[in-house]
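Peer 1: First the structure, then my questions, so here it is.
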Amino acid sequence: MTTDILLQGLKAWDPRAIGRAISLVENGAESADAILSSLDEDLISKATILGITGPPGAGKSTLTNGIISQLRQDRKRIGIIAIDPSSPISGGAILGDRIRMMQHATDPDVVVRSMATRGRLGGLCATAGAAVRIMASCGCSTIIIETVGVGQSEMDIIRLADITLLVLAPGLGDDIQAMKAGLLEVADLLVVNKADCKGADILAMDLEAVARRGRSGPTTRVSMTVATESKGIAELLDLLDTVDSEHRNSGERLKRRRWAHDQEVLDWCLEIVRPRLLAEITRRELPLLGDPRLKAKKILEEL
């Protein structure tokens with residue numbers, strides 16, 4: 001598939017072309033620059049990027065499935081980026097989330113892409129941002145990013161999503177873990193999934209109390225769902241629409257995108273410079289004696 005044919009396929013909403021384009025960008029192909037420079041910025045600005053994160057076992061994938069089904073009832077075109085842990089052997093994605101979303105595989109207006117973390121601790125992979133923009137440029141009104149299970153250092157999701165949804169469940173100690181991770185201070189919506197289980201009401205009350213003290217202030221809301229029975233998902237999407245409108249009208253959405261843009265540019269600067277710096281360090285055959293930090297400063301000054 002030539003680059004021109006690929007670009008035509010993207011404009012025509014060809015799922016095969018979308019997948020191919022993301023793969024080319026992910027692998028750093030020569031055509032990646034042409035693909036990224038051809039994207040429709042207007043469609044990208046209109047799309048909503050929803051981040052779904054939370055501890056393993058909270059029901060993120062089941063909830064994501066329910067959200068997709070609800071959005072498709074409104075005939076919205078959906079993109080899903082499922083971030084899976086990397087295989088320790090191949091470095092590729094395990095593809096667990098794609099397997100769990102097979103019910104949408106035959107829907108021509110849903111594109112599911114599994115991507116590997118490739119060793120990154122932040123819960124996202126380096127090219128997730130590019131994948132989001134490709135999907136949005138092809139006409140996805142909503143792009144859902146579901147991360148791997150979060151830990152205390154895994155906060156990348158807030159850098160890319162317009163709205164961050166933190167999924168918790170009773171009985172897993174999730175509330176304590178989330179508070180330690182600081183996710184409650186950045187999540188826009190807190191979802192207590194498996195709300196039919198013992199302890200769900202108590203967890204919801206605890207989260208509401210913490211959310212009122214969080215950075216997000218009054219925009220942080222707590223919702224309860226039973227994703228396996230599709231209960232509470234319609235109400236959750238209503239809350240998502242409310243938060244999205246508030247962020248667009250207040251300028252918060254633009255502010256977040258500007259910050260995310262600058263951070264991603266910085267990340268790519270470091271990714272591009274890193275191998276060149278390593279080659280320079282190797283070439284110099286630096287002695288083991290002496291402090292590495294001082295050597296680094298000297299190399300940067302000389303370069």
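Lettering and numbering for the structure tokens are positional, with chains as A, B, ... in the shown order, residues counted from 1 in each chain, and ligands counted from 1 in the shown order.
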Please return, as a PyMOL selection string, all residues of stretch 158-283 of chain A that DSSP assigns to alpha helix (DSSP H) on the basis of the backbone.
Peer 2: chain A and resi 158-160+174-181+200-213+233-250+252-283
Peer 1: Between A:His104, A:His261, A:Arg212, A:Arg221, which is the closest to A:Ala130 once you count only C-alpha atoms?
Peer 2: A:His261
Peer 1: Can you tell me which residues surround A:Ser37 at a distance of at most 12 Å, considering only C-alpha atoms, apart from same-chain residues fewer than 3 positions away, and format the answer as a VMD selection string?
Peer 2: chain A and resid 7 25 31 to 34 40 to 41 130 133 to 134 137
Peer 1: Dump N, CA, C and O atoms for the selected residues as a PDB file, in the first residue's frame?
Peer 2:
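Below you can see result-v1.pdb, which holds the result:
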ATOM      1  N   LEU A   7      -3.260   7.333   2.547  1.00  0.00           N
ATOM      2  CA  LEU A   7      -3.898   8.591   2.958  1.00  0.00           C
ATOM      3  C   LEU A   7      -5.331   8.673   2.457  1.00  0.00           C
ATOM      4  O   LEU A   7      -6.215   9.187   3.146  1.00  0.00           O
ATOM      5  N   VAL A  25       3.593   4.533  11.997  1.00  0.00           N
ATOM      6  CA  VAL A  25       4.060   5.561  12.932  1.00  0.00           C
ATOM      7  C   VAL A  25       4.723   4.916  14.143  1.00  0.00           C
ATOM      8  O   VAL A  25       5.768   5.364  14.614  1.00  0.00           O
ATOM      9  N   SER A  31       7.420   6.787   6.009  1.00  0.00           N
ATOM     10  CA  SER A  31       6.163   7.450   5.647  1.00  0.00           C
ATOM     11  C   SER A  31       5.432   8.040   6.849  1.00  0.00           C
ATOM     12  O   SER A  31       4.397   8.693   6.682  1.00  0.00           O
ATOM     13  N   ALA A  32       5.956   7.847   8.055  1.00  0.00           N
ATOM     14  CA  ALA A  32       5.276   8.329   9.264  1.00  0.00           C
ATOM     15  C   ALA A  32       5.086   9.842   9.236  1.00  0.00           C
ATOM     16  O   ALA A  32       4.024  10.358   9.594  1.00  0.00           O
ATOM     17  N   ASP A  33       6.111  10.573   8.797  1.00  0.00           N
ATOM     18  CA  ASP A  33       6.016  12.030   8.769  1.00  0.00           C
ATOM     19  C   ASP A  33       4.911  12.498   7.821  1.00  0.00           C
ATOM     20  O   ASP A  33       4.155  13.416   8.137  1.00  0.00           O
ATOM     21  N   ALA A  34       4.807  11.854   6.659  1.00  0.00           N
ATOM     22  CA  ALA A  34       3.774  12.231   5.685  1.00  0.00           C
ATOM     23  C   ALA A  34       2.384  11.947   6.235  1.00  0.00           C
ATOM     24  O   ALA A  34       1.448  12.716   6.021  1.00  0.00           O
ATOM     25  N   ASP A  40      -6.268  15.741   9.728  1.00  0.00           N
ATOM     26  CA  ASP A  40      -7.248  16.821   9.763  1.00  0.00           C
ATOM     27  C   ASP A  40      -7.293  17.423  11.175  1.00  0.00           C
ATOM     28  O   ASP A  40      -7.887  16.854  12.088  1.00  0.00           O
ATOM     29  N   GLU A  41      -6.689  18.596  11.344  1.00  0.00           N
ATOM     30  CA  GLU A  41      -6.608  19.214  12.668  1.00  0.00           C
ATOM     31  C   GLU A  41      -7.973  19.639  13.195  1.00  0.00           C
ATOM     32  O   GLU A  41      -8.201  19.665  14.405  1.00  0.00           O
ATOM     33  N   ALA A 130      -0.103   9.796  18.878  1.00  0.00           N
ATOM     34  CA  ALA A 130      -0.235   9.767  17.420  1.00  0.00           C
ATOM     35  C   ALA A 130      -1.407   8.892  16.997  1.00  0.00           C
ATOM     36  O   ALA A 130      -2.154   9.237  16.069  1.00  0.00           O
ATOM     37  N   ARG A 133      -4.612  10.805  17.404  1.00  0.00           N
ATOM     38  CA  ARG A 133      -4.828  11.821  16.367  1.00  0.00           C
ATOM     39  C   ARG A 133      -5.205  11.193  15.030  1.00  0.00           C
ATOM     40  O   ARG A 133      -6.013  11.757  14.284  1.00  0.00           O
ATOM     41  N   ILE A 134      -4.637  10.043  14.723  1.00  0.00           N
ATOM     42  CA  ILE A 134      -5.002   9.363  13.475  1.00  0.00           C
ATOM     43  C   ILE A 134      -6.474   8.963  13.504  1.00  0.00           C
ATOM     44  O   ILE A 134      -7.216   9.189  12.541  1.00  0.00           O
ATOM     45  N   SER A 137      -8.695  12.083  13.276  1.00  0.00           N
ATOM     46  CA  SER A 137      -8.652  12.650  11.935  1.00  0.00           C
ATOM     47  C   SER A 137      -9.491  11.855  10.946  1.00  0.00           C
ATOM     48  O   SER A 137      -9.963  12.397   9.945  1.00  0.00           O
TER      49      SER A 137
END
Peer 1: Give me, please, the distance in Å between atom CA of A:Leu189 and atom CA of A:Ala58, quoted to one decimal.
Peer 2: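 For atom CA of A:Leu189 relative to atom CA of A:Ala58, the distance reads 14.7 Å.
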Peer 1: Name all residues at most 12 Å from stretch 234-238 of chain A (count only C-alpha atoms; drop same-chain ones fewer than 5 positions away) and give them as a PyMOL selection string.
Peer 2: chain A and resi 50+63-64+66-71+73-74+142+163+165+167+188-193+221-227+229+243-245
Peer 1: Would you work out the distance separating atom CA of A:Gly28 from atom CA of A:Leu6, expressed in Å to one decimal?
Peer 2: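 About the pair atom CA of A:Gly28 and atom CA of A:Leu6: they are 15.9 Å apart.
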Peer 1: What is the atom CA of A:Gly290-atom CA of A:Leu303 distance in Å, reported with one decimal?
Peer 2: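 Calculated distance between atom CA of A:Gly290 and atom CA of A:Leu303 is 19.7 Å.
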Peer 1: Skip stretch 299-302 of chain A itself and residues of its chain fewer than 4 positions away, then list as a list of chain:residue names all residues within 12 Å of it, counting only C-alpha atoms.
Peer 2: A:Val273, A:Arg276, A:Leu277, A:Leu278, A:Ala279, A:Glu280, A:Ile281, A:Thr282, A:Arg283, A:Arg284, A:Leu286, A:Pro292, A:Arg293, A:Leu294, A:Lys295
Peer 1: Ranking A:Leu10, A:Ile80, A:Val132, A:Val112 by minimum distance to A:Ser45 and counting only C-alpha atoms, which one comes first?
Peer 2: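 When distances to A:Ser45 are compared using only C-alpha atoms, the smallest one comes from A:Val132.
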Peer 1: Can you list, as a ChimeraX atom specification, every protein, DNA or RNA residue that comes within 9 Å of A:Leu168 when you count only C-alpha atoms, leaving out same-chain residues fewer than 4 positions away?
Peer 2: /A:53-55,57-60,172,174-175,178,190-194,203
Peer 1: For A:Ile81, list every protein, DNA or RNA residue within 6 Å, evaluated using only C-alpha atoms, and leave out those in the same chain fewer than 2 positions away; present the list as a list in words.
Peer 2: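 Here the answer would be Arg113, Ser114 and Ile145 of chain A.
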Peer 1: Since we have the selection now, will you write its residues out, keeping C-alpha atoms, as a short mmCIF file (atom, residue, chain, number, x, y, z; two decimals), in the first residue's frame?
Peer 2:
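Listed below is the output, selection26.cif:
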data_model
loop_
_atom_site.label_atom_id
_atom_site.label_comp_id
_atom_site.auth_asym_id
_atom_site.auth_seq_id
_atom_site.Cartn_x
_atom_site.Cartn_y
_atom_site.Cartn_z
CA ARG A 113 -6.09 -1.00 18.52
CA SER A 114 -4.00 -2.80 21.12
CA ILE A 145 -7.85 4.97 25.90
#
Peer 1: From the set A:Ala209, A:Arg159, A:Met115, A:Thr228, which residue has the shortest atom-to-atom contact distance to A:Asp262, counting only C-alpha atoms?
Peer 2: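 Nearest candidate to A:Asp262 out of A:Ala209, A:Arg159, A:Met115, A:Thr228: A:Arg159.
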Peer 1: Write down as a list in words the residues belonging to stretch 193-233 of chain A that are assigned strand (DSSP E) by DSSP computed on the backbone.
Peer 2: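 The strand (DSSP E) residues within stretch 193-233 of chain A come out as Arg221, Val222, Ser223 and Met224 of chain A.
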Peer 1: Save the residues we just selected, N, CA and C atoms, as a short mmCIF file (atom, residue, chain, number, x, y, z; two decimals), in the first residue's frame?
Peer 2:
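Below you can see out-v9.cif, which holds the result:
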data_model
loop_
_atom_site.label_atom_id
_atom_site.label_comp_id
_atom_site.auth_asym_id
_atom_site.auth_seq_id
_atom_site.Cartn_x
_atom_site.Cartn_y
_atom_site.Cartn_z
N ARG A 221 -16.83 14.08 39.96
CA ARG A 221 -18.10 13.46 40.29
C ARG A 221 -17.90 11.96 40.49
N VAL A 222 -18.75 11.39 41.31
CA VAL A 222 -18.70 9.96 41.58
C VAL A 222 -19.93 9.31 40.97
N SER A 223 -19.70 8.23 40.22
CA SER A 223 -20.79 7.50 39.58
C SER A 223 -20.69 6.04 39.95
N MET A 224 -21.82 5.34 39.95
CA MET A 224 -21.84 3.92 40.29
C MET A 224 -22.40 3.12 39.12
#
